[in-house]
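**Student:** Coordinates in upload.cif, mmCIF, C-alpha atoms and all ligand atoms, are listed below.
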```
data_entry
loop_
_atom_site.label_atom_id
_atom_site.label_comp_id
_atom_site.auth_asym_id
_atom_site.auth_seq_id
_atom_site.Cartn_x
_atom_site.Cartn_y
_atom_site.Cartn_z
CA MET A 22 11.83 266.29 -99.79
CA LYS A 23 13.40 262.86 -100.11
CA PHE A 24 17.20 262.63 -100.25
CA PHE A 25 18.77 260.30 -102.79
CA VAL A 26 22.55 259.96 -102.93
CA ASP A 27 24.10 260.21 -106.37
CA THR A 28 26.92 257.68 -106.22
CA ALA A 29 27.90 254.03 -106.58
CA ASP A 30 30.36 254.35 -103.69
CA VAL A 31 29.16 251.73 -101.22
CA ALA A 32 31.13 253.12 -98.26
CA ALA A 33 29.64 256.60 -98.70
CA ILE A 34 26.13 255.18 -99.07
CA THR A 35 26.56 253.08 -95.92
CA GLU A 36 27.79 256.06 -93.89
CA LEU A 37 24.96 258.39 -94.93
CA ASN A 38 22.35 255.65 -94.64
CA ALA A 39 23.30 255.07 -91.00
CA LEU A 40 22.42 258.74 -90.36
CA GLY A 41 19.00 258.35 -91.98
CA MET A 42 20.01 260.62 -94.88
CA VAL A 43 19.40 258.13 -97.69
CA ASP A 44 15.89 257.64 -99.05
CA GLY A 45 17.28 256.18 -102.28
CA VAL A 46 20.29 256.06 -104.61
CA THR A 47 20.93 257.14 -108.18
CA THR A 48 23.70 255.79 -110.37
CA ASN A 49 24.65 256.33 -113.99
CA PRO A 50 27.33 254.88 -116.32
CA SER A 51 29.85 257.57 -115.29
CA LEU A 52 29.33 256.77 -111.59
CA ILE A 53 29.71 253.03 -112.27
CA LEU A 54 32.99 253.81 -114.06
CA LYS A 55 34.14 255.90 -111.08
CA SER A 56 33.32 253.05 -108.67
CA GLY A 57 35.47 250.60 -110.66
CA ARG A 58 32.86 247.93 -109.89
CA ASP A 59 30.73 245.58 -112.00
CA ILE A 60 27.29 247.18 -112.50
CA LEU A 61 25.25 244.12 -111.54
CA GLU A 62 27.36 243.36 -108.46
CA VAL A 63 27.56 246.89 -107.08
CA THR A 64 23.88 247.59 -107.76
CA LYS A 65 22.88 244.43 -105.92
CA GLU A 66 25.06 245.43 -102.97
CA ILE A 67 23.51 248.92 -102.86
CA CYS A 68 20.00 247.44 -103.00
CA GLY A 69 20.87 245.37 -99.95
CA ILE A 70 21.89 248.49 -97.98
CA VAL A 71 19.13 250.90 -98.96
CA SER A 72 15.44 250.05 -98.85
CA GLY A 73 14.32 252.95 -101.08
CA PRO A 74 14.57 253.15 -104.87
CA VAL A 75 17.98 252.49 -106.45
CA SER A 76 18.28 253.80 -110.00
CA ALA A 77 20.28 251.67 -112.43
CA GLU A 78 20.69 253.00 -115.96
CA VAL A 79 20.30 251.19 -119.27
CA VAL A 80 23.11 251.69 -121.77
CA SER A 81 21.50 251.03 -125.16
CA LEU A 82 19.96 253.48 -127.57
CA THR A 83 17.05 251.51 -129.06
CA ALA A 84 13.79 250.91 -127.22
CA ASP A 85 13.92 247.12 -127.62
CA GLU A 86 17.42 246.89 -126.20
CA MET A 87 16.60 249.32 -123.36
CA ILE A 88 13.57 247.19 -122.48
CA ALA A 89 15.68 244.01 -122.41
CA GLU A 90 18.36 245.69 -120.26
CA GLY A 91 15.71 247.24 -118.04
CA ARG A 92 14.09 243.86 -117.41
CA LYS A 93 17.48 242.41 -116.46
CA LEU A 94 18.30 245.31 -114.13
CA ALA A 95 14.85 245.10 -112.52
CA LYS A 96 15.52 241.48 -111.58
CA ILE A 97 18.43 242.55 -109.33
CA ALA A 98 16.08 243.58 -106.52
CA SER A 99 12.54 244.79 -105.93
CA ASN A 100 13.73 248.35 -105.19
CA ILE A 101 15.36 248.92 -108.59
CA ALA A 102 14.21 251.94 -110.60
CA VAL A 103 15.21 251.44 -114.22
CA LYS A 104 16.78 254.60 -115.57
CA VAL A 105 16.19 255.42 -119.24
CA PRO A 106 17.28 258.49 -121.21
CA LEU A 107 14.81 261.13 -122.34
CA THR A 108 14.82 260.19 -126.01
CA TRP A 109 11.89 258.95 -128.07
CA ASP A 110 13.18 255.39 -127.67
CA GLY A 111 13.67 255.98 -123.95
CA LEU A 112 10.03 257.08 -123.66
CA LYS A 113 8.89 253.92 -125.46
CA ALA A 114 10.97 251.85 -123.03
CA CYS A 115 9.51 253.84 -120.12
CA LYS A 116 5.97 253.08 -121.24
CA VAL A 117 6.64 249.34 -121.55
CA LEU A 118 8.73 248.95 -118.38
CA SER A 119 6.38 251.00 -116.21
CA GLY A 120 3.43 249.05 -117.68
CA GLU A 121 5.11 245.88 -116.43
CA GLY A 122 5.10 247.31 -112.89
CA ASN A 123 8.68 248.57 -112.72
CA MET A 124 9.73 251.91 -111.28
CA VAL A 125 11.20 254.00 -114.11
CA ASN A 126 13.41 257.07 -113.77
CA VAL A 127 13.60 259.13 -116.97
CA THR A 128 16.94 260.89 -116.96
CA LEU A 129 18.75 263.66 -118.86
CA CYS A 130 15.72 265.97 -118.80
CA PHE A 131 16.45 269.57 -119.78
CA SER A 132 13.08 271.07 -120.69
CA PRO A 133 9.49 271.28 -119.40
CA ASN A 134 8.17 269.58 -122.56
CA GLN A 135 10.49 266.62 -122.01
CA ALA A 136 9.16 266.33 -118.45
CA LEU A 137 5.58 266.43 -119.75
CA LEU A 138 6.30 263.56 -122.14
CA ALA A 139 7.92 261.47 -119.40
CA ALA A 140 4.88 261.87 -117.16
CA LYS A 141 2.56 260.85 -119.99
CA ALA A 142 4.75 257.78 -120.63
CA GLY A 143 4.24 256.67 -117.00
CA ALA A 144 7.58 257.64 -115.45
CA THR A 145 7.87 257.15 -111.69
CA PHE A 146 10.60 259.80 -111.56
CA ILE A 147 11.70 262.58 -113.90
CA SER A 148 15.32 263.70 -113.49
CA PRO A 149 15.89 267.33 -114.57
CA PHE A 150 19.61 268.14 -114.47
CA ILE A 151 20.09 271.47 -112.70
CA GLY A 152 23.88 271.79 -112.67
CA ARG A 153 24.35 270.98 -116.33
CA LEU A 154 21.88 273.74 -117.29
CA ASP A 155 23.66 276.20 -114.98
CA ASP A 156 26.95 275.15 -116.66
CA ILE A 157 25.71 276.57 -119.98
CA ASN A 158 24.31 279.74 -118.42
CA LEU A 159 20.69 278.58 -118.28
CA ASP A 160 18.63 278.36 -115.09
CA GLY A 161 18.31 274.82 -113.73
CA LEU A 162 16.14 275.85 -110.79
CA GLU A 163 13.69 277.59 -113.11
CA LEU A 164 13.23 274.24 -114.86
CA ILE A 165 12.34 272.57 -111.54
CA ALA A 166 9.77 275.30 -110.84
CA ASP A 167 8.28 274.98 -114.34
CA ILE A 168 7.91 271.21 -114.05
CA ARG A 169 6.39 271.56 -110.55
CA GLN A 170 3.75 273.91 -111.94
CA ILE A 171 2.99 271.74 -114.97
CA TYR A 172 2.69 268.53 -112.99
CA ASP A 173 0.48 270.24 -110.39
CA ASN A 174 -1.73 271.79 -113.11
CA TYR A 175 -2.68 268.33 -114.35
CA GLY A 176 -2.19 266.12 -111.30
CA PHE A 177 0.65 264.05 -112.75
CA GLU A 178 2.01 261.66 -110.13
CA THR A 179 5.51 261.44 -111.62
CA GLN A 180 7.95 262.54 -108.92
CA ILE A 181 10.34 265.39 -109.67
CA LEU A 182 13.83 264.10 -108.87
CA ALA A 183 16.10 267.15 -109.01
CA ALA A 184 19.46 265.89 -110.30
CA SER A 185 22.90 267.24 -111.15
CA ILE A 186 22.89 269.11 -107.86
CA ARG A 187 26.19 270.82 -107.23
CA THR A 188 25.65 273.16 -104.26
CA PRO A 189 23.82 273.38 -100.92
CA ASN A 190 21.87 276.29 -102.40
CA HIS A 191 20.49 273.97 -105.10
CA VAL A 192 19.18 271.69 -102.32
CA ALA A 193 17.48 274.49 -100.35
CA GLU A 194 15.93 275.97 -103.50
CA CYS A 195 14.63 272.57 -104.66
CA ALA A 196 12.98 272.11 -101.27
CA ARG A 197 11.48 275.60 -101.46
CA ILE A 198 10.11 274.99 -104.97
CA GLY A 199 8.70 271.62 -103.94
CA ALA A 200 10.80 269.01 -105.75
CA ASP A 201 9.73 265.58 -104.49
CA VAL A 202 13.29 264.26 -104.36
CA MET A 203 16.79 265.61 -104.81
CA THR A 204 19.84 263.52 -105.62
CA ALA A 205 23.27 264.85 -104.75
CA PRO A 206 26.81 263.51 -104.38
CA PRO A 207 27.81 262.54 -100.81
CA GLU A 208 30.09 265.58 -100.49
CA VAL A 209 27.23 268.00 -101.23
CA ILE A 210 24.99 266.26 -98.67
CA ARG A 211 27.78 266.55 -96.06
CA LYS A 212 28.19 270.27 -96.87
CA LEU A 213 24.56 270.90 -95.91
CA ALA A 214 25.59 270.76 -92.26
CA SER A 215 28.24 273.46 -92.59
CA HIS A 216 27.84 277.08 -91.59
CA PRO A 217 30.69 279.46 -90.69
CA LEU A 218 28.67 280.88 -87.78
CA THR A 219 28.23 277.36 -86.39
CA ASP A 220 32.02 276.88 -86.53
CA ALA A 221 32.73 280.29 -84.97
CA GLY A 222 30.12 279.79 -82.26
CA LEU A 223 31.47 276.36 -81.37
CA THR A 224 35.06 277.65 -81.18
CA GLN A 225 33.97 280.35 -78.72
CA PHE A 226 31.96 277.88 -76.62
CA MET A 227 34.97 275.53 -76.44
CA LYS A 228 37.25 278.39 -75.32
CA ASP A 229 34.81 279.54 -72.61
CA TRP A 230 34.17 275.98 -71.47
CA ALA A 231 37.92 275.38 -71.00
CA LYS A 232 38.06 278.50 -68.80
CA THR A 233 35.41 277.04 -66.45
CA GLY A 234 37.74 274.16 -65.61
CA GLN A 235 34.69 271.88 -65.51
CA LYS A 236 34.05 268.44 -67.05
CA ILE A 237 30.79 266.68 -67.88
CA LEU A 238 32.35 263.22 -68.09
C1 LIG B 1 21.28 261.90 -111.88
O1 LIG B 1 20.64 260.88 -111.73
C2 LIG B 1 22.66 261.95 -112.38
O2 LIG B 1 23.30 260.75 -112.00
C3 LIG B 1 23.46 263.07 -111.81
O3 LIG B 1 22.73 263.85 -110.90
C4 LIG B 1 24.24 263.84 -112.80
O4 LIG B 1 25.00 264.83 -112.14
P1 LIG B 1 26.21 265.60 -112.83
O5 LIG B 1 25.65 266.54 -113.85
O6 LIG B 1 26.89 266.34 -111.71
O7 LIG B 1 27.08 264.54 -113.46
#
```
The structure given in the file should be rewritten as structure tokens.
Ligand code: E4P

**Tutor:**
Amino acid sequence: MKFFVDTADVAAITELNALGMVDGVTTNPSLILKSGRDILEVTKEICGIVSGPVSAEVVSLTADEMIAEGRKLAKIASNIAVKVPLTWDGLKACKVLSGEGNMVNVTLCFSPNQALLAAKAGATFISPFIGRLDDINLDGLELIADIRQIYDNYGFETQILAASIRTPNHVAECARIGADVMTAPPEVIRKLASHPLTDAGLTQFMKDWAKTGQKIL
């Protein structure tokens, strides 16, 4: 499963990228707001750090305007994936932009039928939002499993990009189900390394090592 980092924080992307943990980046208007940066500037900087796909989201509601914005965003770098919302206009924009050879990430997906439409419109990525479904007492992981089955039934090549990931358990379950990609905030990716038994074991090893009176260096 590929790891995308869900942020426009350049320092966090740089740190995780150096560890080989970043196969791509996803941003959205809320993350651009949080970064306090200009969308074109920060996206260009991210594209210079990461060689994989960098999603940059359009901010219009009509297909024609989304297409114009998508074309402009795609000019930032060759690894831009234009992100469009899963609306009827977004699907029209997806069809046109992907037909022009751009990577397109269809975002805000909350149902299997929406995912089916995105694949038929030529999406490179479909972004089902797990956490936001869990927030309203629905099952985000079940949606990932449903889309996996549907795409496999018909051989759709659209990649399932599990989004709105909030917990390490979401990551493990997405990998088990067979999501192609997951995107998570830097803090969730860092948490994947944590285990209380690792901490307890290390504390004991350090205590015992001190008692030996030895040094390696
Ligand atoms: C995906 O591309 C979105 O940017 C993101 O995963 C949304 O996550 P949230 O629901 O935690 O805001």

**Student:** Ligand LIG 1 (chain B): which residues are within 10 Å, counting only C-alpha atoms and all ligand atoms, as an MDAnalysis selection string?

**Tutor:** chainID A and resid 25:29 46:52 76:78 104 126:130 147:156 182:187 203:206

**Student:** Counting only C-alpha atoms, what is within 9 Å of Gly111 of chain A, bar same-chain residues fewer than 4 positions away, as a PyMOL selection string?

**Tutor:** chain A and resi 82-84+87-88+105-107+115-116+127

**Student:** What gap, in Å, lies between atom CA of Tyr175 of chain A and atom CA of Ser132 of chain A?

**Tutor:** 17.2 Å

**Student:** Could you state the separation of atom CA of Asp110 of chain A and atom CA of Phe131 of chain A in Å, given to one decimal place?

**Tutor:**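 So the answer is 16.6 Å.
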
**Student:** Calculate how many Å separate atom CA of Ser215 of chain A from atom CA of Glu36 of chain A, rounding to one decimal.

**Tutor:**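 Interatomic distance here is 17.5 Å.
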
**Student:** Please return, as a ChimeraX atom specification, all polymer residues that have at least one atom within 12 Å of the point (25.4, 245.8, -97.8); use only C-alpha atoms and the file's own coordinate frame.

**Tutor:** /A:30-36,38-39,62-72

**Student:** Considering all atoms listed in the file, give me a table of residues in segment 86-126 of chain A that are at most 10 Å from segment 55-61 of chain A, with the closest atom pair and distance in Å for each, as CSV.

**Tutor:**
```
residue,atom,partner,partner_atom,distance
A:Lys93,CA,A:Leu61,CA,9.4
A:Leu94,CA,A:Leu61,CA,7.5
A:Ile97,CA,A:Leu61,CA,7.3
```

**Student:** List the residues sitting within 6 Å of (16.0, 253.0, -109.7) in the file's frame, using all atoms listed in the file, as JSON, numbers by chain.

**Tutor:** {"A": [74, 75, 76, 77, 101, 102, 103]}

**Student:** Can you list, as a list in words, every protein, DNA or RNA residue that comes within 10 Å of Phe177 of chain A when you count only C-alpha atoms, leaving out same-chain residues fewer than 6 positions away?

**Tutor:**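 Near neighbours after the sequence-gap exclusion: Leu137, Ala140, Lys141, Gly143, Ala144, Arg169 and Ile171 of chain A.
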
**Student:** Include C-alpha atoms and write out the residues we just selected as a PDB file, in the frame of the given file.

**Tutor:**
```pdb
ATOM      1  CA  LEU A 137       5.580 266.430-119.750  1.00  0.00           C
ATOM      2  CA  ALA A 140       4.880 261.870-117.160  1.00  0.00           C
ATOM      3  CA  LYS A 141       2.560 260.850-119.990  1.00  0.00           C
ATOM      4  CA  GLY A 143       4.240 256.670-117.000  1.00  0.00           C
ATOM      5  CA  ALA A 144       7.580 257.640-115.450  1.00  0.00           C
ATOM      6  CA  ARG A 169       6.390 271.560-110.550  1.00  0.00           C
ATOM      7  CA  ILE A 171       2.990 271.740-114.970  1.00  0.00           C
TER       8      ILE A 171
END
```

**Student:** Can you sort out segment 107-133 of chain A so it carries N, CA, C and O atoms, written as a compact mmCIF listing (two decimals), keeping the file's coordinate frame?

**Tutor:**
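So the final result, stored in rebuild.txt, reads:
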```
# COMPACT_ATOMS: atom_id res chain seq x y z
N LEU A 107 15.97 260.45 -121.77
CA LEU A 107 14.81 261.13 -122.34
C LEU A 107 14.97 261.33 -123.85
O LEU A 107 15.24 262.43 -124.33
N THR A 108 14.86 260.20 -124.55
CA THR A 108 14.82 260.19 -126.01
C THR A 108 13.49 259.55 -126.38
O THR A 108 12.79 259.01 -125.52
N TRP A 109 13.16 259.58 -127.66
CA TRP A 109 11.89 258.95 -128.07
C TRP A 109 11.91 257.46 -127.75
O TRP A 109 10.93 256.91 -127.27
N ASP A 110 13.06 256.81 -128.00
CA ASP A 110 13.18 255.39 -127.67
C ASP A 110 13.12 255.17 -126.16
O ASP A 110 12.52 254.20 -125.68
N GLY A 111 13.71 256.09 -125.41
CA GLY A 111 13.67 255.98 -123.95
C GLY A 111 12.24 256.08 -123.44
O GLY A 111 11.84 255.37 -122.50
N LEU A 112 11.44 256.94 -124.07
CA LEU A 112 10.03 257.08 -123.66
C LEU A 112 9.24 255.81 -123.97
O LEU A 112 8.40 255.39 -123.19
N LYS A 113 9.56 255.20 -125.13
CA LYS A 113 8.89 253.92 -125.46
C LYS A 113 9.25 252.88 -124.41
O LYS A 113 8.39 252.13 -123.95
N ALA A 114 10.52 252.83 -124.04
CA ALA A 114 10.97 251.85 -123.03
C ALA A 114 10.29 252.15 -121.70
O ALA A 114 9.88 251.24 -120.97
N CYS A 115 10.16 253.44 -121.38
CA CYS A 115 9.51 253.84 -120.12
C CYS A 115 8.07 253.31 -120.08
O CYS A 115 7.64 252.74 -119.08
N LYS A 116 7.38 253.51 -121.18
CA LYS A 116 5.97 253.08 -121.24
C LYS A 116 5.85 251.57 -121.01
O LYS A 116 5.01 251.11 -120.22
N VAL A 117 6.71 250.80 -121.67
CA VAL A 117 6.64 249.34 -121.55
C VAL A 117 7.07 248.89 -120.14
O VAL A 117 6.36 248.12 -119.48
N LEU A 118 8.20 249.40 -119.68
CA LEU A 118 8.73 248.95 -118.38
C LEU A 118 7.82 249.36 -117.22
O LEU A 118 7.62 248.61 -116.28
N SER A 119 7.28 250.58 -117.30
CA SER A 119 6.38 251.00 -116.21
C SER A 119 5.07 250.21 -116.29
O SER A 119 4.50 249.84 -115.26
N GLY A 120 4.63 249.88 -117.51
CA GLY A 120 3.43 249.05 -117.68
C GLY A 120 3.60 247.66 -117.10
O GLY A 120 2.61 247.00 -116.75
N GLU A 121 4.84 247.21 -117.01
CA GLU A 121 5.11 245.88 -116.43
C GLU A 121 5.27 245.96 -114.91
O GLU A 121 5.63 244.99 -114.26
N GLY A 122 5.06 247.17 -114.36
CA GLY A 122 5.10 247.31 -112.89
C GLY A 122 6.44 247.72 -112.33
O GLY A 122 6.64 247.68 -111.11
N ASN A 123 7.37 248.12 -113.20
CA ASN A 123 8.68 248.57 -112.72
C ASN A 123 8.67 250.06 -112.42
O ASN A 123 7.96 250.82 -113.09
N MET A 124 9.50 250.47 -111.45
CA MET A 124 9.73 251.91 -111.28
C MET A 124 10.66 252.34 -112.42
O MET A 124 11.62 251.64 -112.73
N VAL A 125 10.35 253.49 -113.03
CA VAL A 125 11.20 254.00 -114.11
C VAL A 125 11.58 255.45 -113.83
O VAL A 125 10.72 256.26 -113.47
N ASN A 126 12.87 255.72 -113.95
CA ASN A 126 13.41 257.07 -113.77
C ASN A 126 13.86 257.55 -115.14
O ASN A 126 14.77 256.97 -115.74
N VAL A 127 13.21 258.60 -115.66
CA VAL A 127 13.60 259.13 -116.97
C VAL A 127 14.62 260.24 -116.75
O VAL A 127 14.33 261.24 -116.08
N THR A 128 15.80 260.03 -117.28
CA THR A 128 16.94 260.89 -116.96
C THR A 128 17.35 261.78 -118.14
O THR A 128 16.82 261.65 -119.24
N LEU A 129 18.25 262.71 -117.85
CA LEU A 129 18.75 263.66 -118.86
C LEU A 129 17.61 264.54 -119.38
O LEU A 129 17.46 264.73 -120.59
N CYS A 130 16.82 265.07 -118.44
CA CYS A 130 15.72 265.97 -118.80
C CYS A 130 16.21 267.42 -118.69
O CYS A 130 16.75 267.82 -117.65
N PHE A 131 16.00 268.18 -119.75
CA PHE A 131 16.45 269.57 -119.78
C PHE A 131 15.37 270.57 -120.18
O PHE A 131 15.67 271.75 -120.37
N SER A 132 14.13 270.11 -120.32
CA SER A 132 13.08 271.07 -120.69
C SER A 132 11.73 270.65 -120.10
O SER A 132 11.50 269.45 -119.85
N PRO A 133 10.82 271.61 -119.91
CA PRO A 133 9.49 271.28 -119.40
C PRO A 133 8.74 270.32 -120.32
O PRO A 133 8.03 269.43 -119.85
```
